[in-house]
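I have placed the structure first, in the form of structure tokens, so that the comments after it can refer back to it.
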Amino acid sequence: MQTTIPQGSSLEQILKAISEIYPEYETEVIRTGLMILDFAKTVVSAAEVHFARYDLSQARFAILMLLYTNTEQSWTPAKLADAVGITRATITGLLDVLEKDDLIKRKSNPNDRRSSQVVMTENGQTRLRNILPDHLHRVLPLVSVLTEQERYILSDLLSRLYPIFEAARRNEK
């Protein structure tokens, strides 16, 4: 996966070059932006490797978690797409794979015959219950290196940045 900071270049070299071309931008803002982009790409790449262990993708795992933890909710493909942050076309393919693997099933929506409801199968629930202990065992240590206060600060910063990045993502569509 291509990183924001190409191999063979240091962050300092890139910052120096950018600040010479664009002196009106604060170097520390650029540094932080590049570090966030690099970190995000690393997290996404690591997550894909992690979920491949379970023959899942991040999006399929997210769908299963929504269905598993929000059983009182009536989930249509459109609601799932919105909740996971993907397109309607993408959700169809993801649901096809999950249904083929007998992890979910689609049934007629009694409130709207033009749409379907998505529910987790017993096999899907069992599979997720079997995955979660290993998933948590592998994921929790990634942030346990931070103190409780650092985790709180990081959570606060991410919750402040999330809406800004989400708005930018929506505007790119």
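Every chain in the structure tokens has a letter given in the order shown (A, B, ...), and although residue numbers restart at 1 in each chain, ligands are simply numbered from 1 in the order shown.
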
DSSP on the backbone: which residues in chain A end up as strand (DSSP E or B)? Give the answer as a tab-separated table (two decimals) with all heavy atoms, in the first residue's frame.
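Output file out.tsv follows:
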chain	number	residue	atom	x	y	z
A	104	ILE	N	-25.62	-14.31	7.23
A	104	ILE	CA	-26.82	-13.47	7.28
A	104	ILE	C	-27.85	-14.06	6.34
A	104	ILE	O	-27.53	-14.93	5.52
A	104	ILE	CB	-26.53	-11.99	6.87
A	104	ILE	CG1	-25.99	-11.90	5.42
A	104	ILE	CG2	-25.56	-11.33	7.82
A	104	ILE	CD1	-26.93	-11.26	4.46
A	105	LYS	N	-29.07	-13.59	6.49
A	105	LYS	CA	-30.09	-13.92	5.49
A	105	LYS	C	-30.93	-12.68	5.25
A	105	LYS	O	-31.08	-11.82	6.13
A	105	LYS	CB	-30.95	-15.12	5.90
A	105	LYS	CG	-31.82	-14.91	7.10
A	105	LYS	CD	-32.61	-16.18	7.39
A	105	LYS	CE	-33.39	-15.98	8.69
A	105	LYS	NZ	-34.14	-17.16	9.05
A	106	ARG	N	-31.44	-12.58	4.04
A	106	ARG	CA	-32.34	-11.50	3.69
A	106	ARG	C	-33.74	-12.07	3.63
A	106	ARG	O	-33.95	-13.15	3.07
A	106	ARG	CB	-31.95	-10.89	2.34
A	106	ARG	CG	-30.64	-10.13	2.41
A	106	ARG	CD	-30.26	-9.57	1.06
A	106	ARG	NE	-29.25	-10.43	0.46
A	106	ARG	CZ	-28.37	-10.04	-0.44
A	106	ARG	NH1	-28.38	-8.82	-0.89
A	106	ARG	NH2	-27.49	-10.88	-0.92
A	107	LYS	N	-34.66	-11.35	4.22
A	107	LYS	CA	-36.05	-11.79	4.17
A	107	LYS	C	-36.92	-10.60	3.77
A	107	LYS	O	-36.49	-9.45	3.87
A	107	LYS	CB	-36.48	-12.40	5.50
A	107	LYS	CG	-36.37	-11.47	6.69
A	107	LYS	CD	-36.76	-12.20	7.97
A	107	LYS	CE	-36.86	-11.19	9.11
A	107	LYS	NZ	-37.32	-11.78	10.33
A	108	SER	N	-38.12	-10.87	3.34
A	108	SER	CA	-39.02	-9.80	2.92
A	108	SER	C	-39.28	-8.84	4.07
A	108	SER	O	-39.45	-9.27	5.21
A	108	SER	CB	-40.36	-10.33	2.45
A	108	SER	OG	-40.27	-11.52	1.79
A	116	SER	N	-35.85	-5.48	1.54
A	116	SER	CA	-35.68	-6.67	2.38
A	116	SER	C	-35.10	-6.26	3.72
A	116	SER	O	-34.59	-5.15	3.89
A	116	SER	CB	-34.76	-7.68	1.69
A	116	SER	OG	-33.49	-7.11	1.47
A	117	GLN	N	-35.21	-7.16	4.67
A	117	GLN	CA	-34.57	-6.99	5.97
A	117	GLN	C	-33.40	-7.96	6.03
A	117	GLN	O	-33.46	-9.06	5.48
A	117	GLN	CB	-35.54	-7.29	7.10
A	117	GLN	CG	-36.61	-6.24	7.27
A	117	GLN	CD	-37.54	-6.59	8.42
A	117	GLN	OE1	-37.88	-7.74	8.64
A	117	GLN	NE2	-37.95	-5.57	9.16
A	118	VAL	N	-32.35	-7.54	6.71
A	118	VAL	CA	-31.17	-8.37	6.86
A	118	VAL	C	-31.09	-8.80	8.31
A	118	VAL	O	-31.16	-7.97	9.22
A	118	VAL	CB	-29.89	-7.60	6.46
A	118	VAL	CG1	-28.66	-8.47	6.61
A	118	VAL	CG2	-30.01	-7.05	5.03
A	119	VAL	N	-30.96	-10.10	8.52
A	119	VAL	CA	-30.82	-10.63	9.88
A	119	VAL	C	-29.63	-11.59	9.92
A	119	VAL	O	-29.27	-12.20	8.91
A	119	VAL	CB	-32.09	-11.36	10.35
A	119	VAL	CG1	-33.25	-10.40	10.50
A	119	VAL	CG2	-32.46	-12.49	9.43
A	120	MET	N	-29.06	-11.69	11.08
A	120	MET	CA	-27.93	-12.59	11.27
A	120	MET	C	-28.46	-14.00	11.49
A	120	MET	O	-29.43	-14.19	12.22
A	120	MET	CB	-27.11	-12.11	12.46
A	120	MET	CG	-25.79	-12.78	12.65
A	120	MET	SD	-24.92	-12.02	14.04
A	120	MET	CE	-23.40	-11.60	13.26

Applying 12 Å and only C-alpha atoms, which residues near Asp55 of chain A remain after dropping the ones on its own chain fewer than 6 positions away? List them as number ranges by chain.
A: 48-49, 61, 97-98, 101, 103, 127-128, 131

Go ahead and dump the residues you just picked, C-alpha atoms, as a PDB file, in the first residue's frame.
ATOM      1  CA  GLU A  48      -7.378  -5.976   6.325  1.00  0.00           C
ATOM      2  CA  VAL A  49      -4.646  -8.474   7.247  1.00  0.00           C
ATOM      3  CA  PHE A  61     -17.129  -7.483  10.101  1.00  0.00           C
ATOM      4  CA  VAL A  97     -20.921 -12.877   0.283  1.00  0.00           C
ATOM      5  CA  LEU A  98     -22.236 -12.933   3.857  1.00  0.00           C
ATOM      6  CA  ASP A 101     -21.358 -17.954   3.772  1.00  0.00           C
ATOM      7  CA  LEU A 103     -23.763 -15.593   8.151  1.00  0.00           C
ATOM      8  CA  ARG A 127     -19.069 -17.432  14.120  1.00  0.00           C
ATOM      9  CA  LEU A 128     -18.893 -13.906  15.534  1.00  0.00           C
ATOM     10  CA  ILE A 131     -14.086 -14.595  16.471  1.00  0.00           C
TER      11      ILE A 131
END

Quick one, how far is atom CA of Gln58 of chain A from atom CA of Val43 of chain A?
11.1 Å

Could you give me the residues within segment 15-167 of chain A that DSSP places in helix (DSSP H, G or I), as a ChimeraX atom specification?
/A:15-21,27-52,58-69,77-84,88-100,122-144,148-167

Any chance you can output those residues with C-alpha atoms as a CSV table (one decimal), in the first residue's frame?
chain,number,residue,atom,x,y,z
A,15,LEU,CA,8.1,19.1,5.1
A,16,LYS,CA,11.1,21.2,4.1
A,17,ALA,CA,10.1,20.9,0.4
A,18,ILE,CA,6.5,21.7,1.0
A,19,SER,CA,7.3,24.7,3.2
A,20,GLU,CA,9.6,26.1,0.6
A,21,ILE,CA,7.0,25.8,-2.1
A,27,THR,CA,4.7,23.3,9.0
A,28,GLU,CA,3.3,21.6,12.1
A,29,VAL,CA,-0.2,21.5,10.5
A,30,ILE,CA,1.3,19.8,7.4
A,31,ARG,CA,3.3,17.4,9.7
A,32,THR,CA,0.2,16.4,11.6
A,33,GLY,CA,-1.9,16.0,8.5
A,34,LEU,CA,0.7,13.7,6.8
A,35,MET,CA,1.1,11.7,10.0
A,36,ILE,CA,-2.7,11.2,10.3
A,37,LEU,CA,-2.8,10.0,6.6
A,38,ASP,CA,0.1,7.7,7.1
A,39,PHE,CA,-1.3,6.3,10.3
A,40,ALA,CA,-4.7,5.8,8.7
A,41,LYS,CA,-3.2,3.9,5.8
A,42,THR,CA,-1.2,1.7,8.2
A,43,VAL,CA,-4.3,1.0,10.3
A,44,VAL,CA,-6.4,0.1,7.3
A,45,SER,CA,-3.7,-2.2,5.9
A,46,ALA,CA,-3.2,-3.9,9.3
A,47,ALA,CA,-7.0,-4.3,9.7
A,48,GLU,CA,-7.4,-6.0,6.3
A,49,VAL,CA,-4.6,-8.5,7.2
A,50,HIS,CA,-6.3,-9.0,10.6
A,51,PHE,CA,-9.8,-9.6,9.2
A,52,ALA,CA,-8.5,-11.9,6.5
A,58,GLN,CA,-13.5,-4.7,7.7
A,59,ALA,CA,-16.9,-3.9,6.1
A,60,ARG,CA,-18.3,-7.4,6.5
A,61,PHE,CA,-17.1,-7.5,10.1
A,62,ALA,CA,-18.8,-4.1,10.7
A,63,ILE,CA,-22.1,-5.4,9.2
A,64,LEU,CA,-22.0,-8.5,11.4
A,65,MET,CA,-21.2,-6.4,14.5
A,66,LEU,CA,-24.2,-4.1,13.7
A,67,LEU,CA,-26.5,-7.0,13.3
A,68,TYR,CA,-25.1,-8.8,16.4
A,69,THR,CA,-25.2,-5.8,18.8
A,77,PRO,CA,-29.6,-3.0,3.1
A,78,ALA,CA,-29.9,0.8,2.8
A,79,LYS,CA,-29.7,1.3,6.6
A,80,LEU,CA,-26.7,-1.0,6.8
A,81,ALA,CA,-24.9,0.9,3.9
A,82,ASP,CA,-25.5,4.2,5.7
A,83,ALA,CA,-24.4,2.9,9.1
A,84,VAL,CA,-21.2,1.4,7.6
A,88,ARG,CA,-25.8,0.9,-1.9
A,89,ALA,CA,-24.0,-0.9,-4.7
A,90,THR,CA,-21.2,-2.0,-2.4
A,91,ILE,CA,-23.6,-3.2,0.3
A,92,THR,CA,-25.2,-5.6,-2.2
A,93,GLY,CA,-22.0,-7.4,-2.9
A,94,LEU,CA,-21.0,-7.6,0.8
A,95,LEU,CA,-24.4,-9.0,1.7
A,96,ASP,CA,-24.2,-11.5,-1.2
A,97,VAL,CA,-20.9,-12.9,0.3
A,98,LEU,CA,-22.2,-12.9,3.9
A,99,GLU,CA,-25.4,-14.7,2.7
A,100,LYS,CA,-23.4,-17.2,0.6
A,122,GLU,CA,-27.5,-18.6,14.0
A,123,ASN,CA,-24.3,-19.6,12.2
A,124,GLY,CA,-23.4,-15.9,11.9
A,125,GLN,CA,-23.9,-15.4,15.6
A,126,THR,CA,-21.8,-18.5,16.5
A,127,ARG,CA,-19.1,-17.4,14.1
A,128,LEU,CA,-18.9,-13.9,15.5
A,129,ARG,CA,-18.9,-15.2,19.1
A,130,ASN,CA,-16.0,-17.4,18.2
A,131,ILE,CA,-14.1,-14.6,16.5
A,132,LEU,CA,-14.5,-11.9,19.1
A,133,PRO,CA,-12.2,-13.3,21.8
A,134,ASP,CA,-9.3,-13.6,19.4
A,135,HIS,CA,-10.2,-10.3,17.8
A,136,LEU,CA,-10.1,-8.5,21.1
A,137,HIS,CA,-7.0,-10.3,22.2
A,138,ARG,CA,-5.2,-9.0,19.1
A,139,VAL,CA,-6.7,-5.5,19.0
A,140,LEU,CA,-6.7,-4.4,22.6
A,141,PRO,CA,-2.9,-4.5,23.1
A,142,LEU,CA,-2.5,-2.0,20.3
A,143,VAL,CA,-3.8,0.8,22.5
A,144,SER,CA,-2.9,-0.7,25.9
A,148,GLU,CA,-5.6,5.7,30.7
A,149,GLN,CA,-5.2,9.5,30.4
A,150,GLU,CA,-3.5,9.2,27.0
A,151,ARG,CA,-6.4,6.9,25.8
A,152,TYR,CA,-8.9,9.5,27.0
A,153,ILE,CA,-7.0,12.3,25.2
A,154,LEU,CA,-6.7,10.3,22.0
A,155,SER,CA,-10.4,9.4,22.1
A,156,ASP,CA,-11.3,13.1,22.6
A,157,LEU,CA,-9.0,14.2,19.7
A,158,LEU,CA,-10.4,11.5,17.4
A,159,SER,CA,-14.0,12.3,18.3
A,160,ARG,CA,-13.3,16.0,17.4
A,161,LEU,CA,-11.6,15.1,14.1
A,162,TYR,CA,-14.0,12.4,13.0
A,163,PRO,CA,-16.9,14.7,12.0
A,164,ILE,CA,-14.5,16.9,10.0
A,165,PHE,CA,-13.0,13.9,8.1
A,166,GLU,CA,-16.5,12.4,7.6
A,167,ALA,CA,-17.8,15.6,6.1

What does the distance between atom CA of Pro23 of chain A and atom CA of Ser9 of chain A come to in Å, to one decimal place?
20.0 Å
